[in-house]
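Colleague: Pasting in a structure now, in structure tokens, and then I'll have a few things to ask.
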Amino acid sequence: MGIDVGFDLVPRLMDSTTHKRDWDAFIETIKRRFENDDLVEIRGNDILFKAGEQPQLPFEGYSSHAGEVYKYLDAVTKWAKTKFGDRIHYWNDAVNSGFYAWPEVLESIESHRCPGKKVHYDIAPINEDHISNICGMPLFSIKSIPGKGKGLVARLNIPKGHPIIAEKPLFTTTSTFPNTLTEITLASKLKALSKTEQRQFLSLHNHCPGKHPFIGIVKTNALPCGPGADIGGVYPAISRINHSCLPNTHHSWNINLECETIHAIRDIQAGEEFTISYAGGDSYLKRHMFFSQNFGFDCDCSVCVPHSVDDLRDSDVRRESIQVLNERIGDGNRVLSKPDDCLRDCFRVYQLLKEEYQDYAIALFGSMHYDAFRICITHGDQARVSGFARKGYEARVQCEGEIDPETRRMKGFMENPNQHGNFGVSNRWTSRKSMVPKGLNDEEFEKWLWRASK
């Protein structure tokens with residue numbers, strides 16, 4: 001594969017007798033000019049140049065930087081300029097981008113090859129092998145979302161915890177930071193893709209149009225391959241999922257499968273748009289600065305556009321409190337010296353998560369319950385660690401699936417907590433797994449688990 005090059009007619013030719021005559025005359029000129037050239041073949045309404053990456057007229061061109069290819073490209077472009085003048089907009093993906101988006105190009109290709117046929121393309125087709133279904137029906141379609149561009153919309157009701165997509169990236173980058181990406185590096189990655197995959201990439205939204213279109217698309221659409229990862233991936237379908245501060249799906253990187261997964265974290269109704277969270281747990285102003293600078297939008301979800309100023313302030317207080325508490329819980333020295341305080345902090349985080357994130361809290365419970373597990377196993381409380389490990393495991397099954405490595409890790413701790421590296425560090429809370437009290441209702445068990453009665 002090479003880099004896409006070609007020219008556009010801007011503005012388009014009209015569906016008029018004069019413009020049809022001019023276009024037909026141009027095509028006939030090309031045919032006559034190369035009629036004795038063995039490397040030029042007429043295929044129906046198309047003219048194929050069998051050199052380099054085999055550019056094709058009237059719509060598609062590829063270059064492998066071979067001189068014979070540029071000979072054809074330069075000649076055709078010059079004749080086009082002679083015929084259509086300033087309408088000709090030459091482009092080369094390594095330098096600039098075409099005037100028209102790929103969906104418009106695909107529609108034009110189809111209308112040329114099938115005259116009179118009404119066609120409409122959203123994007124290049126998505127491989128459905130990685131898309132989950134119910135009763136054989138794909139779970140979503142790609143649609144235009146008012147004010148958001150394209151998005152993924154449920155085609156039928158999807159239950160909580162159901163897997164939606166497990167998708168491999170078109171390619172990954174060593175970093176999603178703009179100062180470490182180069183257009184040439186990304187162009188080489190595009191060359192390795194199929195034509196369909198190239199179109200899928202080029203049809204994604206670009207918040208940073210200009211001299212570096214590939215970098216702009218990656219910056220706008222890449223997701224980190226795991227929390228805090230320096231490697232990011234770009235996806236045909238998942239990269240089209242829009243943001244909400246209270247999303248209805250959760251995305252996670254499965255390192256074993258080398259793919260990004262999407263699971264429903266609450267019941268989703270047919271016709272409802274899928275959303276994920278682009279941001280962490282920052283306050284309103286920090287979130288909106290991040291969205292504006294990186295994606296060019298203002299979030300209008302129920303958290304960001306609340307019923308009152310007091311609601312927004314309360315949300316900020318909860319999110320900031322969660323961050324402060326998590327920092328305290330992550331202090332290893334404090335876990336050793338003040339485990340009761342650390343476990344109380346975990347319980348407070350648990351309460352704040354439920355209050356602030358509602359249904360989405362389930363996506364954050366896995367880490368929170370692991371923190372509580374880590375505190376208890378450090379001090380030998382095997383009775384409670386089994387309860388926290390089970391809760392963490394159940395949360396991860398809902399959000400990341402049974403085969404996710406982190407889910408399996410929590411299942412291993414649930415079955416054998418002694419395998420954790422902190423086991424035996426302290427005997428302050430020593431207990432056996434068999435010492436879990438019997439006959440407690442849910443409320444009583446929660447109080448016991450969190451040592452709330454002590």
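For the structure tokens, the naming scheme is as follows: chains receive sequential letters (A, B, ...) according to their order of presentation, residues are indexed from 1 within each chain, and ligands are indexed from 1 in presentation order.
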Using DSSP on the backbone coordinates, identify all residues within region 145-301 of chain A classified as strand (DSSP E); present the result as a PyMOL selection string.
Modeller: chain A and resi 145+149-154+163-167+171-173+223-224+232-234+242-243+249-254+259-264+275-276
Colleague: May I have the residues from that selection written out with N, CA, C and O atoms, as a short mmCIF file (atom, residue, chain, number, x, y, z; two decimals), in the first residue's frame?
Modeller:
```
data_model
loop_
_atom_site.label_atom_id
_atom_site.label_comp_id
_atom_site.auth_asym_id
_atom_site.auth_seq_id
_atom_site.Cartn_x
_atom_site.Cartn_y
_atom_site.Cartn_z
N ILE A 145 -25.30 11.61 15.10
CA ILE A 145 -25.84 12.05 16.38
C ILE A 145 -25.84 13.58 16.38
O ILE A 145 -24.78 14.18 16.18
N GLY A 149 -21.57 14.39 15.55
CA GLY A 149 -21.04 13.63 14.43
C GLY A 149 -21.59 12.21 14.44
O GLY A 149 -22.78 12.00 14.70
N LYS A 150 -20.75 11.23 14.18
CA LYS A 150 -21.18 9.84 14.17
C LYS A 150 -21.10 9.24 15.57
O LYS A 150 -20.32 9.66 16.40
N GLY A 151 -21.94 8.24 15.82
CA GLY A 151 -21.93 7.53 17.09
C GLY A 151 -22.51 6.14 16.92
O GLY A 151 -23.03 5.79 15.86
N LEU A 152 -22.40 5.33 17.95
CA LEU A 152 -22.93 3.97 17.94
C LEU A 152 -24.25 3.95 18.71
O LEU A 152 -24.31 4.43 19.84
N VAL A 153 -25.27 3.37 18.09
CA VAL A 153 -26.62 3.37 18.66
C VAL A 153 -27.12 1.93 18.76
O VAL A 153 -26.98 1.14 17.81
N ALA A 154 -27.68 1.58 19.91
CA ALA A 154 -28.18 0.22 20.13
C ALA A 154 -29.34 -0.09 19.19
O ALA A 154 -30.24 0.72 19.01
N PRO A 163 -21.48 -8.24 26.78
CA PRO A 163 -20.40 -7.75 25.92
C PRO A 163 -20.96 -7.19 24.62
O PRO A 163 -21.90 -7.74 24.05
N ILE A 164 -20.39 -6.08 24.16
CA ILE A 164 -20.86 -5.43 22.95
C ILE A 164 -19.84 -5.54 21.82
O ILE A 164 -20.17 -5.93 20.70
N ILE A 165 -18.58 -5.21 22.11
CA ILE A 165 -17.53 -5.27 21.10
C ILE A 165 -16.24 -5.76 21.75
O ILE A 165 -15.95 -5.41 22.89
N ALA A 166 -15.48 -6.54 21.00
CA ALA A 166 -14.08 -6.84 21.33
C ALA A 166 -13.31 -6.59 20.03
O ALA A 166 -13.35 -7.41 19.12
N GLU A 167 -12.64 -5.44 19.95
CA GLU A 167 -12.11 -4.97 18.66
C GLU A 167 -10.60 -4.74 18.73
O GLU A 167 -10.09 -4.08 19.64
N PHE A 171 -4.26 0.14 14.20
CA PHE A 171 -2.84 0.16 14.53
C PHE A 171 -2.67 0.82 15.88
O PHE A 171 -3.60 1.43 16.41
N THR A 172 -1.50 0.68 16.47
CA THR A 172 -1.19 1.32 17.74
C THR A 172 -0.04 2.30 17.53
O THR A 172 0.73 2.19 16.58
N THR A 173 0.03 3.28 18.42
CA THR A 173 1.14 4.22 18.40
C THR A 173 1.86 4.13 19.73
O THR A 173 1.26 3.82 20.76
N LEU A 223 -7.34 5.54 21.94
CA LEU A 223 -7.60 5.18 23.33
C LEU A 223 -6.37 4.49 23.90
O LEU A 223 -5.75 3.68 23.20
N PRO A 224 -5.99 4.77 25.15
CA PRO A 224 -4.83 4.09 25.72
C PRO A 224 -5.08 2.60 25.86
O PRO A 224 -6.18 2.17 26.20
N GLY A 232 -1.33 3.80 22.45
CA GLY A 232 -2.73 4.04 22.16
C GLY A 232 -3.15 3.34 20.89
O GLY A 232 -2.32 3.12 19.99
N GLY A 233 -4.42 2.97 20.80
CA GLY A 233 -4.95 2.30 19.62
C GLY A 233 -6.09 3.08 18.99
O GLY A 233 -6.82 3.79 19.68
N VAL A 234 -6.22 2.96 17.67
CA VAL A 234 -7.31 3.59 16.92
C VAL A 234 -8.18 2.48 16.35
O VAL A 234 -7.66 1.52 15.77
N ASN A 242 -19.07 8.13 21.58
CA ASN A 242 -18.98 9.47 22.15
C ASN A 242 -18.92 9.42 23.68
O ASN A 242 -19.15 8.38 24.30
N HIS A 243 -18.65 10.58 24.26
CA HIS A 243 -18.41 10.70 25.70
C HIS A 243 -19.67 11.04 26.49
O HIS A 243 -20.57 11.73 26.02
N THR A 249 -21.65 2.42 28.98
CA THR A 249 -20.76 1.30 28.69
C THR A 249 -19.39 1.57 29.29
O THR A 249 -19.04 2.71 29.61
N HIS A 250 -18.61 0.51 29.42
CA HIS A 250 -17.25 0.61 29.96
C HIS A 250 -16.28 0.01 28.96
O HIS A 250 -16.53 -1.06 28.40
N HIS A 251 -15.18 0.70 28.71
CA HIS A 251 -14.16 0.17 27.80
C HIS A 251 -12.93 -0.25 28.59
O HIS A 251 -12.55 0.40 29.58
N SER A 252 -12.29 -1.32 28.16
CA SER A 252 -11.08 -1.80 28.82
C SER A 252 -10.22 -2.55 27.81
O SER A 252 -10.73 -3.13 26.85
N TRP A 253 -8.92 -2.53 28.05
CA TRP A 253 -7.96 -3.21 27.17
C TRP A 253 -7.69 -4.60 27.72
O TRP A 253 -7.28 -4.76 28.86
N ASN A 254 -7.93 -5.62 26.89
CA ASN A 254 -7.62 -6.99 27.26
C ASN A 254 -6.25 -7.33 26.69
O ASN A 254 -6.10 -7.53 25.48
N CYS A 259 -7.02 -6.56 22.42
CA CYS A 259 -8.15 -5.85 21.86
C CYS A 259 -8.83 -5.01 22.95
O CYS A 259 -8.64 -5.24 24.15
N GLU A 260 -9.59 -4.03 22.50
CA GLU A 260 -10.38 -3.19 23.40
C GLU A 260 -11.78 -3.79 23.49
O GLU A 260 -12.37 -4.21 22.47
N THR A 261 -12.32 -3.88 24.70
CA THR A 261 -13.65 -4.45 24.88
C THR A 261 -14.62 -3.39 25.39
O THR A 261 -14.24 -2.45 26.09
N ILE A 262 -15.87 -3.57 25.03
CA ILE A 262 -16.95 -2.69 25.47
C ILE A 262 -18.04 -3.55 26.09
O ILE A 262 -18.50 -4.52 25.47
N HIS A 263 -18.44 -3.22 27.32
CA HIS A 263 -19.52 -3.94 28.01
C HIS A 263 -20.59 -2.95 28.47
O HIS A 263 -20.26 -1.81 28.86
N ALA A 264 -21.83 -3.39 28.47
CA ALA A 264 -22.91 -2.57 29.01
C ALA A 264 -22.83 -2.58 30.53
O ALA A 264 -22.78 -3.66 31.14
N THR A 275 -22.18 5.29 25.14
CA THR A 275 -21.22 6.31 25.57
C THR A 275 -20.17 5.67 26.47
O THR A 275 -20.43 4.67 27.14
N ILE A 276 -18.98 6.26 26.44
CA ILE A 276 -17.91 5.90 27.37
C ILE A 276 -17.41 7.19 28.00
O ILE A 276 -17.77 8.28 27.57
#
```
Colleague: When you look at Cys376 (chain A) with a cut-off of 8 Å (counting only C-alpha atoms), what residues show up, excluding the ones that are within fewer than 4 positions of it in the same chain? I need them as a list in words.
Modeller: Pro339, Ala372, Gly380, Asp381, Gln382, Arg384, Val385 and Trp429 of chain A
Colleague: Residues as selected, N, CA, C and O atoms, written as a PDB file, in the first residue's frame, can you do that?
Modeller:
```pdb
ATOM      1  N   PRO A 339      -4.473   0.872  59.446  1.00  0.00           N
ATOM      2  CA  PRO A 339      -5.382   0.126  58.561  1.00  0.00           C
ATOM      3  C   PRO A 339      -6.855   0.448  58.797  1.00  0.00           C
ATOM      4  O   PRO A 339      -7.642   0.438  57.851  1.00  0.00           O
ATOM      5  N   ALA A 372      -9.612  -2.393  49.308  1.00  0.00           N
ATOM      6  CA  ALA A 372     -10.054  -2.916  50.598  1.00  0.00           C
ATOM      7  C   ALA A 372      -9.479  -4.315  50.834  1.00  0.00           C
ATOM      8  O   ALA A 372      -9.052  -4.652  51.948  1.00  0.00           O
ATOM      9  N   GLY A 380      -3.685  -9.873  57.474  1.00  0.00           N
ATOM     10  CA  GLY A 380      -4.031 -11.256  57.747  1.00  0.00           C
ATOM     11  C   GLY A 380      -5.494 -11.567  57.942  1.00  0.00           C
ATOM     12  O   GLY A 380      -5.841 -12.656  58.426  1.00  0.00           O
ATOM     13  N   ASP A 381      -6.415 -10.655  57.544  1.00  0.00           N
ATOM     14  CA  ASP A 381      -7.847 -10.880  57.747  1.00  0.00           C
ATOM     15  C   ASP A 381      -8.414 -11.670  56.565  1.00  0.00           C
ATOM     16  O   ASP A 381      -9.044 -11.129  55.658  1.00  0.00           O
ATOM     17  N   GLN A 382      -8.203 -12.989  56.586  1.00  0.00           N
ATOM     18  CA  GLN A 382      -8.635 -13.830  55.468  1.00  0.00           C
ATOM     19  C   GLN A 382     -10.149 -13.956  55.372  1.00  0.00           C
ATOM     20  O   GLN A 382     -10.676 -14.239  54.299  1.00  0.00           O
ATOM     21  N   ARG A 384     -12.361 -11.496  55.730  1.00  0.00           N
ATOM     22  CA  ARG A 384     -12.892 -10.369  54.968  1.00  0.00           C
ATOM     23  C   ARG A 384     -12.330 -10.305  53.547  1.00  0.00           C
ATOM     24  O   ARG A 384     -13.027  -9.838  52.631  1.00  0.00           O
ATOM     25  N   VAL A 385     -11.087 -10.739  53.365  1.00  0.00           N
ATOM     26  CA  VAL A 385     -10.522 -10.617  52.020  1.00  0.00           C
ATOM     27  C   VAL A 385     -11.310 -11.442  51.009  1.00  0.00           C
ATOM     28  O   VAL A 385     -11.432 -11.054  49.845  1.00  0.00           O
ATOM     29  N   TRP A 429      -4.921  -8.254  62.145  1.00  0.00           N
ATOM     30  CA  TRP A 429      -6.333  -8.657  62.017  1.00  0.00           C
ATOM     31  C   TRP A 429      -6.450 -10.156  61.696  1.00  0.00           C
ATOM     32  O   TRP A 429      -7.389 -10.574  61.037  1.00  0.00           O
TER      33      TRP A 429
END
```
